[in-house]
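Participant: Contents of final_36.cif (mmCIF, C-alpha atoms) are given next:
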data_entry
loop_
_atom_site.label_atom_id
_atom_site.label_comp_id
_atom_site.auth_asym_id
_atom_site.auth_seq_id
_atom_site.Cartn_x
_atom_site.Cartn_y
_atom_site.Cartn_z
CA MET A 1 -15.31 13.04 -5.79
CA LEU A 2 -16.07 13.99 -2.18
CA GLY A 3 -13.24 11.78 -0.97
CA LEU A 4 -10.83 13.35 -3.45
CA ALA A 5 -11.91 16.83 -2.36
CA ALA A 6 -11.38 15.91 1.30
CA GLY A 7 -7.93 14.52 0.56
CA LEU A 8 -6.91 17.62 -1.36
CA ALA A 9 -8.19 19.79 1.47
CA ILE A 10 -5.99 17.96 3.98
CA VAL A 11 -2.98 18.30 1.67
CA ALA A 12 -3.73 22.03 1.37
CA VAL A 13 -3.73 22.33 5.16
CA LEU A 14 -0.37 20.55 5.36
CA ILE A 15 1.10 22.86 2.73
CA TRP A 16 -0.30 25.84 4.65
CA THR A 17 1.34 24.45 7.81
CA VAL A 18 4.70 24.35 6.05
CA ALA A 19 4.18 27.89 4.74
CA GLU A 20 3.21 29.21 8.18
CA ALA A 21 6.28 27.63 9.76
CA TRP A 22 8.60 28.48 6.87
CA GLY A 23 11.04 30.19 9.19
CA VAL A 24 11.32 27.03 11.29
CA VAL A 25 11.59 24.87 8.17
CA THR A 26 14.40 26.93 6.66
CA SER A 27 16.29 27.19 9.95
CA PHE A 28 16.11 23.44 10.55
CA ASP A 29 19.45 21.67 10.36
CA TRP A 30 18.77 19.74 7.15
CA GLN A 31 21.43 17.13 6.52
CA PRO A 32 20.72 15.59 3.10
CA SER A 33 22.55 12.36 2.37
CA ALA A 34 22.68 10.79 -1.10
CA GLY A 35 23.53 7.41 0.41
CA TRP A 36 20.38 7.26 2.54
CA LEU A 37 18.25 8.51 -0.36
CA VAL A 38 19.61 5.83 -2.70
CA LEU A 39 19.03 3.18 -0.03
CA GLY A 40 15.44 4.38 0.32
CA VAL A 41 14.83 4.13 -3.42
CA VAL A 42 16.32 0.61 -3.52
CA LEU A 43 14.18 -0.58 -0.59
CA VAL A 44 10.97 0.85 -2.08
CA PHE A 45 11.78 -0.76 -5.45
CA ALA A 46 12.38 -4.08 -3.70
CA SER A 47 9.03 -3.78 -1.92
CA LEU A 48 7.19 -3.04 -5.17
CA THR A 49 8.89 -5.94 -6.93
CA LEU A 50 8.06 -8.43 -4.18
CA SER A 51 4.48 -7.11 -4.03
CA ALA A 52 4.06 -7.68 -7.77
CA LEU A 53 5.43 -11.23 -7.43
CA ALA A 54 3.14 -11.82 -4.46
CA TYR A 55 0.11 -10.93 -6.58
CA GLU A 56 1.40 -13.25 -9.31
CA THR A 57 1.67 -16.05 -6.74
CA ILE A 58 -1.90 -15.43 -5.57
CA LEU A 59 -3.19 -15.49 -9.14
CA ASP A 60 -1.25 -18.68 -9.82
CA GLY A 61 -3.04 -20.30 -6.89
CA LEU A 62 -6.45 -19.36 -8.28
CA HIS A 63 -6.12 -20.02 -12.00
CA HIS A 64 -4.42 -22.55 -14.27
CA PRO A 65 -2.71 -22.20 -16.60
CA ARG A 66 -1.32 -19.01 -15.19
CA PRO A 67 -0.44 -16.07 -17.45
CA PRO A 68 3.24 -15.33 -18.12
CA VAL A 69 4.92 -13.94 -15.01
CA LEU A 70 6.08 -10.73 -16.72
CA ALA A 71 2.59 -10.13 -18.11
CA THR A 72 1.06 -10.38 -14.64
CA VAL A 73 3.74 -8.19 -13.08
CA SER A 74 3.25 -5.61 -15.84
CA ALA A 75 -0.54 -5.64 -15.40
CA TRP A 76 -0.22 -5.31 -11.64
CA ALA A 77 2.18 -2.39 -11.95
CA ARG A 78 0.11 -0.51 -14.52
CA SER A 79 -3.05 -0.99 -12.47
CA LEU A 80 -1.40 0.92 -9.60
CA LEU A 81 -2.15 4.13 -11.47
CA GLY A 82 -5.85 3.46 -10.81
CA ARG A 83 -5.35 3.84 -7.06
CA TYR A 84 -5.59 7.59 -7.46
CA VAL A 85 -9.25 7.27 -8.47
CA PRO A 86 -11.69 7.04 -5.50
CA GLY A 87 -12.73 3.50 -4.61
CA ASN A 88 -9.91 1.75 -6.52
CA VAL A 89 -12.48 0.77 -9.16
CA LEU A 90 -10.25 1.76 -12.06
CA MET A 91 -7.41 -0.34 -10.63
CA LEU A 92 -9.62 -3.41 -10.48
CA VAL A 93 -11.12 -2.87 -13.93
CA GLY A 94 -7.68 -2.36 -15.43
CA ARG A 95 -6.39 -5.59 -13.92
CA ALA A 96 -9.45 -7.53 -15.04
CA VAL A 97 -9.19 -6.34 -18.63
CA MET A 98 -5.45 -7.04 -18.88
CA ALA A 99 -5.76 -10.46 -17.23
CA GLN A 100 -8.71 -11.45 -19.41
CA ALA A 101 -6.46 -11.06 -22.44
CA HIS A 102 -4.54 -14.05 -21.04
CA GLY A 103 -7.62 -16.14 -20.34
CA VAL A 104 -8.16 -15.19 -16.69
CA PRO A 105 -11.89 -14.69 -15.87
CA ARG A 106 -12.80 -11.39 -14.27
CA ARG A 107 -14.17 -13.10 -11.17
CA VAL A 108 -10.74 -14.68 -10.59
CA THR A 109 -9.05 -11.28 -10.88
CA LEU A 110 -11.58 -9.89 -8.39
CA ALA A 111 -10.79 -12.73 -5.96
CA ALA A 112 -7.02 -12.30 -6.41
CA THR A 113 -7.32 -8.57 -5.78
CA THR A 114 -9.39 -9.22 -2.65
CA TYR A 115 -6.64 -11.43 -1.25
CA GLU A 116 -4.04 -8.90 -2.37
CA GLN A 117 -5.77 -6.01 -0.62
CA VAL A 118 -6.71 -7.69 2.66
CA VAL A 119 -3.53 -9.63 3.44
CA PRO A 120 -1.05 -6.73 3.00
CA LEU A 121 -3.29 -4.47 5.08
CA ALA A 122 -3.29 -7.06 7.87
CA ALA A 123 0.51 -7.36 7.64
CA ALA A 124 0.99 -3.60 7.77
CA ALA A 125 -1.33 -3.33 10.77
CA LEU A 126 0.70 -5.94 12.66
CA LEU A 127 3.89 -3.96 12.08
CA ALA A 128 2.19 -0.65 12.94
CA VAL A 129 1.61 -1.67 16.56
CA VAL A 130 4.93 -0.08 17.63
CA ALA A 131 3.83 3.35 16.43
CA LEU A 132 0.30 2.88 17.70
CA LEU A 133 1.57 2.40 21.24
CA ASP A 134 3.47 5.68 20.87
CA VAL A 135 0.81 7.94 19.31
CA GLY A 136 -2.39 6.10 20.16
CA GLY A 137 -3.04 8.28 23.20
CA ASP A 138 -2.61 11.51 21.26
CA THR A 139 -5.85 13.45 21.08
CA ALA A 140 -5.07 14.34 17.46
CA VAL A 141 -5.34 10.65 16.61
CA GLY A 142 -8.12 9.67 18.94
CA PRO A 143 -9.65 6.25 19.53
CA PHE A 144 -10.13 5.75 15.77
CA ALA A 145 -6.47 4.77 15.43
CA TRP A 146 -7.01 1.81 17.74
CA LEU A 147 -9.23 0.27 15.07
CA VAL A 148 -5.91 -0.62 13.44
CA LEU A 149 -5.61 -3.45 15.98
CA ALA A 150 -8.75 -5.03 14.53
CA VAL A 151 -7.49 -4.94 10.94
CA PRO A 152 -5.46 -8.20 11.12
CA LEU A 153 -8.67 -9.99 12.10
CA GLY A 154 -9.93 -9.19 8.61
CA ALA A 155 -7.56 -11.83 7.27
CA LEU A 156 -9.79 -14.43 8.94
CA LEU A 157 -12.42 -13.59 6.33
CA LEU A 158 -10.12 -15.19 3.76
CA HIS A 159 -10.40 -18.59 5.41
CA PRO A 160 -11.84 -20.93 2.74
CA ARG A 161 -14.82 -21.79 4.98
CA VAL A 162 -15.69 -18.08 5.11
CA PHE A 163 -14.47 -16.69 1.80
CA GLY A 164 -15.82 -19.63 -0.20
CA PRO A 165 -19.51 -19.30 0.73
CA ALA A 166 -19.32 -15.49 0.75
CA SER A 167 -17.77 -15.27 -2.71
CA THR A 168 -20.16 -17.89 -4.09
CA TRP A 169 -23.17 -15.95 -2.81
CA ALA A 170 -21.87 -12.66 -4.21
CA LEU A 171 -20.99 -14.13 -7.61
CA ARG A 172 -24.35 -15.86 -7.94
CA ARG A 173 -26.11 -12.63 -7.08
CA ALA A 174 -24.17 -11.08 -9.95
CA GLY A 175 -25.09 -13.95 -12.26
CA ARG A 176 -21.57 -15.38 -12.30
CA ALA A 177 -20.25 -18.87 -11.70
CA PRO A 178 -18.53 -19.48 -8.35
CA LEU A 179 -14.76 -19.69 -8.03
CA ALA A 180 -13.36 -23.07 -9.01
CA VAL A 181 -10.38 -22.75 -6.66
CA LEU A 182 -9.71 -20.96 -3.36
CA LEU A 183 -6.42 -20.36 -1.63
CA PRO A 184 -5.97 -22.86 1.22
CA LEU A 185 -5.36 -21.47 4.68
CA ARG A 186 -1.67 -22.39 4.62
CA ARG A 187 -1.23 -20.34 1.43
CA VAL A 188 -2.95 -17.35 3.06
CA VAL A 189 -0.61 -17.63 6.07
CA LEU A 190 2.37 -17.88 3.70
CA MET A 191 1.22 -14.73 1.90
CA LEU A 192 0.86 -12.94 5.23
CA GLY A 193 4.52 -13.67 5.95
CA TRP A 194 5.43 -12.54 2.44
CA TYR A 195 3.59 -9.25 2.89
CA LEU A 196 5.21 -8.70 6.29
CA ILE A 197 8.49 -8.56 4.37
CA THR A 198 7.17 -6.22 1.65
CA SER A 199 5.63 -3.92 4.26
CA ALA A 200 8.84 -3.80 6.26
CA LEU A 201 10.88 -3.01 3.14
CA LEU A 202 8.51 -0.21 2.14
CA ALA A 203 8.44 1.30 5.63
CA LEU A 204 12.22 1.13 6.01
CA GLY A 205 12.54 2.65 2.54
CA VAL A 206 10.40 5.61 3.61
CA TRP A 207 12.46 5.99 6.78
CA ALA A 208 15.65 6.01 4.70
CA LEU A 209 14.18 8.68 2.40
CA VAL A 210 13.21 11.02 5.25
CA ARG A 211 16.50 10.22 7.01
CA GLY A 212 18.32 11.12 3.82
CA ALA A 213 16.55 14.47 3.72
CA GLY A 214 16.33 15.44 7.38
CA GLY A 215 19.35 13.83 8.96
CA PRO A 216 19.65 11.92 12.26
CA ALA A 217 17.07 14.13 14.03
CA ILE A 218 14.32 12.20 12.20
CA GLY A 219 14.38 9.37 14.70
CA ASN A 220 15.01 5.65 14.85
CA PRO A 221 13.92 3.37 11.98
CA ALA A 222 11.51 1.32 14.10
CA GLY A 223 9.48 4.33 15.21
CA VAL A 224 9.39 6.12 11.87
CA ALA A 225 8.87 2.98 9.75
CA SER A 226 6.04 1.64 11.91
CA GLY A 227 4.60 5.15 12.04
CA PHE A 228 4.43 5.24 8.25
CA LEU A 229 2.61 1.90 8.25
CA LEU A 230 0.19 3.22 10.87
CA ALA A 231 -0.51 6.18 8.59
CA PHE A 232 -0.94 3.81 5.66
CA VAL A 233 -3.43 1.55 7.44
CA VAL A 234 -5.49 4.47 8.76
CA SER A 235 -5.62 5.97 5.27
CA MET A 236 -6.78 2.64 3.81
CA LEU A 237 -9.61 2.51 6.32
CA VAL A 238 -10.78 5.85 4.89
CA PHE A 239 -11.21 4.13 1.53
CA VAL A 240 -13.25 6.92 -0.08
CA VAL A 241 -10.08 9.01 -0.29
CA PRO A 242 -8.01 7.92 -3.33
CA SER A 243 -4.67 6.40 -2.29
CA GLY A 244 -5.15 7.81 1.23
CA LEU A 245 -4.42 11.28 -0.12
CA GLY A 246 -4.05 13.71 2.76
CA VAL A 247 -5.03 11.22 5.46
CA ARG A 248 -1.80 9.25 5.31
CA ASP A 249 0.21 12.45 5.08
CA ALA A 250 -1.51 13.97 8.12
CA VAL A 251 -0.98 10.91 10.34
CA PHE A 252 2.64 10.57 9.19
CA THR A 253 3.15 14.25 9.99
CA LEU A 254 1.91 13.57 13.52
CA VAL A 255 4.38 10.69 13.86
CA LEU A 256 7.33 12.75 12.61
CA SER A 257 6.37 15.77 14.73
CA ARG A 258 7.39 13.82 17.82
CA GLN A 259 10.99 14.18 16.65
CA VAL A 260 11.08 17.42 14.64
CA PRO A 261 9.04 20.68 14.49
CA VAL A 262 5.59 20.22 12.97
CA GLY A 263 6.40 22.37 9.94
CA VAL A 264 9.43 20.22 9.18
CA ALA A 265 7.36 17.08 9.78
CA ALA A 266 4.71 18.24 7.31
CA ALA A 267 7.36 19.04 4.71
CA LEU A 268 8.93 15.60 5.13
CA SER A 269 5.55 13.85 5.00
CA VAL A 270 4.45 15.57 1.80
CA GLY A 271 7.94 15.17 0.35
CA SER A 272 7.92 11.43 1.03
CA ARG A 273 4.55 11.18 -0.72
CA LEU A 274 5.98 12.88 -3.82
CA ALA A 275 9.09 10.68 -3.70
CA LEU A 276 7.00 7.50 -3.50
CA ILE A 277 4.88 8.62 -6.46
CA ALA A 278 8.02 9.29 -8.51
CA ILE A 279 9.53 5.90 -7.62
CA GLU A 280 6.24 4.16 -8.36
CA LEU A 281 5.97 5.81 -11.78
CA VAL A 282 9.47 4.67 -12.68
CA PHE A 283 8.63 1.15 -11.51
CA VAL A 284 5.43 1.14 -13.56
CA GLY A 285 7.34 2.24 -16.65
CA LEU A 286 10.02 -0.42 -16.23
CA ALA A 287 7.45 -3.14 -15.53
CA ALA A 288 5.42 -2.14 -18.59
CA LEU A 289 8.54 -2.34 -20.77
CA ALA A 290 9.44 -5.73 -19.28
CA GLY A 291 5.93 -7.02 -19.95
CA ARG A 292 6.01 -5.79 -23.53
CA GLY A 293 9.39 -7.43 -24.11
CA GLY A 294 8.16 -10.67 -22.56
CA SER A 295 5.09 -10.78 -24.80
CA ARG A 296 7.26 -10.34 -27.90
CA ALA A 297 9.52 -13.16 -26.77
#
Would you encode the structure as structure tokens?
Facilitator:
Amino acid sequence: MLGLAAGLAIVAVLIWTVAEAWGVVTSFDWQPSAGWLVLGVVLVFASLTLSALAYETILDGLHHPRPPVLATVSAWARSLLGRYVPGNVLMLVGRAVMAQAHGVPRRVTLAATTYEQVVPLAAAALLAVVALLDVGGDTAVGPFAWLVLAVPLGALLLHPRVFGPASTWALRRAGRAPLAVLLPLRRVVLMLGWYLITSALLALGVWALVRGAGGPAIGNPAGVASGFLLAFVVSMLVFVVPSGLGVRDAVFTLVLSRQVPVGVAAALSVGSRLALIAIELVFVGLAALAGRGGSRA
């Protein structure tokens, strides 16, 4: 609960920043564009869809026979709601319960989720380098942001010669049987490339959303998109805060404030958070309906 409280406190500060600079916010030359907003929604949807299929591919590599594709996609989507609970425990438990209904052991779901958390974070960190070079020297970010450069090295922990013994030790300590199958290194590298695409789509989708709200003053897609990924990675490192609440928004505000007044940047950052939540909820609903229809078929 401490992490949630900290995240809410940061959000409150951002809202206060917008309120304090309300005159600047209202006088800003907002240039909303439906076309850019629709493009942003489409790109975020594409990222979510590919991320769900990536998880299904990981699970397929760890367990046979694999559950129906729509069932796995539906379970993955519904489990996203658990990200807003500190520690992501509810997300993992939800996935495990839903996958177990299709014969997937809980330890396999835990392994699949480990791959699915580490590899995308490494991919996002690689793409965030552009923004890191821009804001890394800012005193508001500090040297902590440079830890992002070390994040891709975490993918090395998924090498079978490392992940195999480590997972076996942990499972035996918990009184569980070791994993029967691990993802080979070539599959991990393939998934890294896959998640580079999903991360790029998500980041460009966020840029399109803020571009659609704020107009051309927002900045170029490379800077804003990589800045969002930098904010995402930093927020994931502060894992006690559910879904990076407040942390991601604060770092993204810093990135945007290099192009627009800080009050406008804070409004856009918080607004993009709300837009992503809305898009995610629609995606979850559609995926749940698709999974229910697939199970009936």
Participant: Please indicate the distance in Å from atom CA of Leu59 of chain A to atom CA of Phe45 of chain A, rounded to one decimal place.
Facilitator: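 Taking atom CA of Leu59 of chain A and atom CA of Phe45 of chain A, their separation equals 21.3 Å.
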Participant: Suppose you want the space between atom CA of Ala131 of chain A and atom CA of Ala155 of chain A; what is it in Å?
Facilitator: 21.1 Å
Participant: Can you spell out as a PyMOL selection string the set of residues that the PyMOL selection byres ((chain A and resi 210) around 10) selects in the structure I just provided?
Facilitator: chain A and resi 32-33+36-37+40+204-209+211-216+218-219+224+256+265+267-269+271-272+275
Participant: Can you translate the PyMOL selection byres ((chain A and resi 184-194) around 7) into the concrete residues it hits in this file, as a list in words?
Facilitator: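 The output of the PyMOL selection byres ((chain A and resi 184-194) around 7) on this file is Val119, Pro120, Ala123, His159, Pro160, Leu182, Leu183, Tyr195, Leu196, Ile197 and Thr198 of chain A.
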Participant: Every residue with an atom at most 9 Å from (-8.0, -8.3, -13.8) (file coordinates; only C-alpha atoms) is what I'm after, so could you write them as number ranges by chain?
Facilitator: A: 75-76, 79, 91-100, 104-110, 112-113
Participant: With C-alpha atoms kept, could you save the residues just selected as a short mmCIF file (atom, residue, chain, number, x, y, z; two decimals), in the coordinates of the input?
Facilitator:
data_model
loop_
_atom_site.label_atom_id
_atom_site.label_comp_id
_atom_site.auth_asym_id
_atom_site.auth_seq_id
_atom_site.Cartn_x
_atom_site.Cartn_y
_atom_site.Cartn_z
CA ALA A 75 -0.54 -5.64 -15.40
CA TRP A 76 -0.22 -5.31 -11.64
CA SER A 79 -3.05 -0.99 -12.47
CA MET A 91 -7.41 -0.34 -10.63
CA LEU A 92 -9.62 -3.41 -10.48
CA VAL A 93 -11.12 -2.87 -13.93
CA GLY A 94 -7.68 -2.36 -15.43
CA ARG A 95 -6.39 -5.59 -13.92
CA ALA A 96 -9.45 -7.53 -15.04
CA VAL A 97 -9.19 -6.34 -18.63
CA MET A 98 -5.45 -7.04 -18.88
CA ALA A 99 -5.76 -10.46 -17.23
CA GLN A 100 -8.71 -11.45 -19.41
CA VAL A 104 -8.16 -15.19 -16.69
CA PRO A 105 -11.89 -14.69 -15.87
CA ARG A 106 -12.80 -11.39 -14.27
CA ARG A 107 -14.17 -13.10 -11.17
CA VAL A 108 -10.74 -14.68 -10.59
CA THR A 109 -9.05 -11.28 -10.88
CA LEU A 110 -11.58 -9.89 -8.39
CA ALA A 112 -7.02 -12.30 -6.41
CA THR A 113 -7.32 -8.57 -5.78
#
Participant: Here is a test: counting only C-alpha atoms, which residue of A:Ser199, A:Ser167, A:Thr114, A:Ser51 is nearest to Ser226 of chain A?
Facilitator: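 Closest candidate: A:Ser199.
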Participant: Could you jot down the atom CA of Tyr55 of chain A to atom CA of Val130 of chain A separation for me, Å, one decimal place?
Facilitator: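 Between atom CA of Tyr55 of chain A and atom CA of Val130 of chain A the gap works out to 27.0 Å.
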Participant: Closest to Thr72 of chain A among A:Leu50, A:Leu126, A:Leu179, A:His102, using all atoms listed in the file?
Facilitator: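 Using all atoms listed in the file, Thr72 of chain A sits closest to A:His102.
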Participant: Rank nothing, just name the residue among A:Leu147, A:Glu280, A:Ala77, A:Pro67 nearest to Val238 of chain A, using only C-alpha atoms.
Facilitator: A:Leu147
Participant: Using all atoms listed in the file, pick whichever of A:Leu81, A:Leu53, A:Val251, A:Ala150 has the shortest atom-to-atom distance to Ile277 of chain A.
Facilitator: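 Among the listed residues, the smallest separation from Ile277 of chain A belongs to A:Leu81.
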Participant: Output the residue selection produced by the PyMOL selection byres ((chain A and resi 231-234) around 9) on the file above, formatted as a ChimeraX atom specification.
Facilitator: /A:121-122,124-125,128,144-145,147-148,151,226-230,235-238,244,247-253,255
Participant: Write the residues of the preceding selection, restricted to C-alpha atoms, as a compact mmCIF listing (two decimals), in the frame of the given file.
Facilitator:
# COMPACT_ATOMS: atom_id res chain seq x y z
CA LEU A 121 -3.29 -4.47 5.08
CA ALA A 122 -3.29 -7.06 7.87
CA ALA A 124 0.99 -3.60 7.77
CA ALA A 125 -1.33 -3.33 10.77
CA ALA A 128 2.19 -0.65 12.94
CA PHE A 144 -10.13 5.75 15.77
CA ALA A 145 -6.47 4.77 15.43
CA LEU A 147 -9.23 0.27 15.07
CA VAL A 148 -5.91 -0.62 13.44
CA VAL A 151 -7.49 -4.94 10.94
CA SER A 226 6.04 1.64 11.91
CA GLY A 227 4.60 5.15 12.04
CA PHE A 228 4.43 5.24 8.25
CA LEU A 229 2.61 1.90 8.25
CA LEU A 230 0.19 3.22 10.87
CA SER A 235 -5.62 5.97 5.27
CA MET A 236 -6.78 2.64 3.81
CA LEU A 237 -9.61 2.51 6.32
CA VAL A 238 -10.78 5.85 4.89
CA GLY A 244 -5.15 7.81 1.23
CA VAL A 247 -5.03 11.22 5.46
CA ARG A 248 -1.80 9.25 5.31
CA ASP A 249 0.21 12.45 5.08
CA ALA A 250 -1.51 13.97 8.12
CA VAL A 251 -0.98 10.91 10.34
CA PHE A 252 2.64 10.57 9.19
CA THR A 253 3.15 14.25 9.99
CA VAL A 255 4.38 10.69 13.86
Participant: Is there a way to complete segment 159-185 of chain A with N, CA and C atoms and then write that out as a PDB file, in the frame of the given file?
Facilitator:
ATOM      1  N   HIS A 159     -10.373 -17.153   5.180  1.00  0.00           N
ATOM      2  CA  HIS A 159     -10.400 -18.590   5.410  1.00  0.00           C
ATOM      3  C   HIS A 159     -11.369 -19.228   4.410  1.00  0.00           C
ATOM      4  N   PRO A 160     -10.976 -20.327   3.772  1.00  0.00           N
ATOM      5  CA  PRO A 160     -11.840 -20.930   2.740  1.00  0.00           C
ATOM      6  C   PRO A 160     -13.275 -21.185   3.208  1.00  0.00           C
ATOM      7  N   ARG A 161     -13.462 -21.513   4.488  1.00  0.00           N
ATOM      8  CA  ARG A 161     -14.820 -21.790   4.980  1.00  0.00           C
ATOM      9  C   ARG A 161     -15.654 -20.517   5.100  1.00  0.00           C
ATOM     10  N   VAL A 162     -14.984 -19.371   5.063  1.00  0.00           N
ATOM     11  CA  VAL A 162     -15.690 -18.080   5.110  1.00  0.00           C
ATOM     12  C   VAL A 162     -15.739 -17.454   3.723  1.00  0.00           C
ATOM     13  N   PHE A 163     -14.562 -17.352   3.096  1.00  0.00           N
ATOM     14  CA  PHE A 163     -14.470 -16.690   1.800  1.00  0.00           C
ATOM     15  C   PHE A 163     -15.185 -17.473   0.709  1.00  0.00           C
ATOM     16  N   GLY A 164     -15.156 -18.806   0.822  1.00  0.00           N
ATOM     17  CA  GLY A 164     -15.820 -19.630  -0.200  1.00  0.00           C
ATOM     18  C   GLY A 164     -17.310 -19.360  -0.289  1.00  0.00           C
ATOM     19  N   PRO A 165     -18.069 -19.569   0.790  1.00  0.00           N
ATOM     20  CA  PRO A 165     -19.510 -19.300   0.730  1.00  0.00           C
ATOM     21  C   PRO A 165     -19.832 -17.836   0.421  1.00  0.00           C
ATOM     22  N   ALA A 166     -19.048 -16.908   0.983  1.00  0.00           N
ATOM     23  CA  ALA A 166     -19.320 -15.490   0.750  1.00  0.00           C
ATOM     24  C   ALA A 166     -19.121 -15.118  -0.709  1.00  0.00           C
ATOM     25  N   SER A 167     -18.029 -15.589  -1.308  1.00  0.00           N
ATOM     26  CA  SER A 167     -17.770 -15.270  -2.710  1.00  0.00           C
ATOM     27  C   SER A 167     -18.774 -15.959  -3.627  1.00  0.00           C
ATOM     28  N   THR A 168     -19.161 -17.181  -3.281  1.00  0.00           N
ATOM     29  CA  THR A 168     -20.160 -17.890  -4.090  1.00  0.00           C
ATOM     30  C   THR A 168     -21.485 -17.156  -4.088  1.00  0.00           C
ATOM     31  N   TRP A 169     -21.909 -16.715  -2.911  1.00  0.00           N
ATOM     32  CA  TRP A 169     -23.170 -15.950  -2.810  1.00  0.00           C
ATOM     33  C   TRP A 169     -23.114 -14.674  -3.623  1.00  0.00           C
ATOM     34  N   ALA A 170     -21.993 -13.937  -3.502  1.00  0.00           N
ATOM     35  CA  ALA A 170     -21.870 -12.660  -4.210  1.00  0.00           C
ATOM     36  C   ALA A 170     -21.832 -12.867  -5.716  1.00  0.00           C
ATOM     37  N   LEU A 171     -21.099 -13.882  -6.169  1.00  0.00           N
ATOM     38  CA  LEU A 171     -20.990 -14.130  -7.610  1.00  0.00           C
ATOM     39  C   LEU A 171     -22.327 -14.590  -8.190  1.00  0.00           C
ATOM     40  N   ARG A 172     -23.047 -15.407  -7.444  1.00  0.00           N
ATOM     41  CA  ARG A 172     -24.350 -15.860  -7.940  1.00  0.00           C
ATOM     42  C   ARG A 172     -25.354 -14.717  -7.994  1.00  0.00           C
ATOM     43  N   ARG A 173     -25.255 -13.812  -7.043  1.00  0.00           N
ATOM     44  CA  ARG A 173     -26.110 -12.630  -7.080  1.00  0.00           C
ATOM     45  C   ARG A 173     -25.818 -11.788  -8.309  1.00  0.00           C
ATOM     46  N   ALA A 174     -24.561 -11.829  -8.758  1.00  0.00           N
ATOM     47  CA  ALA A 174     -24.170 -11.080  -9.950  1.00  0.00           C
ATOM     48  C   ALA A 174     -24.326 -11.894 -11.226  1.00  0.00           C
ATOM     49  N   GLY A 175     -24.878 -13.106 -11.090  1.00  0.00           N
ATOM     50  CA  GLY A 175     -25.090 -13.950 -12.260  1.00  0.00           C
ATOM     51  C   GLY A 175     -23.826 -14.603 -12.785  1.00  0.00           C
ATOM     52  N   ARG A 176     -22.842 -14.789 -11.911  1.00  0.00           N
ATOM     53  CA  ARG A 176     -21.570 -15.380 -12.300  1.00  0.00           C
ATOM     54  C   ARG A 176     -21.384 -16.747 -11.639  1.00  0.00           C
ATOM     55  N   ALA A 177     -20.557 -17.569 -12.268  1.00  0.00           N
ATOM     56  CA  ALA A 177     -20.250 -18.870 -11.700  1.00  0.00           C
ATOM     57  C   ALA A 177     -19.321 -18.698 -10.500  1.00  0.00           C
ATOM     58  N   PRO A 178     -19.414 -19.598  -9.522  1.00  0.00           N
ATOM     59  CA  PRO A 178     -18.530 -19.480  -8.350  1.00  0.00           C
ATOM     60  C   PRO A 178     -17.086 -19.784  -8.718  1.00  0.00           C
ATOM     61  N   LEU A 179     -16.181 -19.434  -7.815  1.00  0.00           N
ATOM     62  CA  LEU A 179     -14.760 -19.690  -8.030  1.00  0.00           C
ATOM     63  C   LEU A 179     -14.494 -21.194  -8.008  1.00  0.00           C
ATOM     64  N   ALA A 180     -13.686 -21.644  -8.948  1.00  0.00           N
ATOM     65  CA  ALA A 180     -13.360 -23.070  -9.010  1.00  0.00           C
ATOM     66  C   ALA A 180     -12.321 -23.448  -7.957  1.00  0.00           C
ATOM     67  N   VAL A 181     -11.472 -22.489  -7.593  1.00  0.00           N
ATOM     68  CA  VAL A 181     -10.380 -22.750  -6.660  1.00  0.00           C
ATOM     69  C   VAL A 181     -10.290 -21.612  -5.659  1.00  0.00           C
ATOM     70  N   LEU A 182      -9.988 -21.951  -4.406  1.00  0.00           N
ATOM     71  CA  LEU A 182      -9.710 -20.960  -3.360  1.00  0.00           C
ATOM     72  C   LEU A 182      -8.306 -21.194  -2.828  1.00  0.00           C
ATOM     73  N   LEU A 183      -7.723 -20.171  -2.258  1.00  0.00           N
ATOM     74  CA  LEU A 183      -6.420 -20.360  -1.630  1.00  0.00           C
ATOM     75  C   LEU A 183      -6.611 -21.095  -0.305  1.00  0.00           C
ATOM     76  N   PRO A 184      -5.877 -22.178  -0.085  1.00  0.00           N
ATOM     77  CA  PRO A 184      -5.970 -22.860   1.220  1.00  0.00           C
ATOM     78  C   PRO A 184      -5.413 -21.969   2.319  1.00  0.00           C
ATOM     79  N   LEU A 185      -5.770 -22.277   3.550  1.00  0.00           N
ATOM     80  CA  LEU A 185      -5.360 -21.470   4.680  1.00  0.00           C
ATOM     81  C   LEU A 185      -3.846 -21.356   4.781  1.00  0.00           C
TER      82      LEU A 185
END
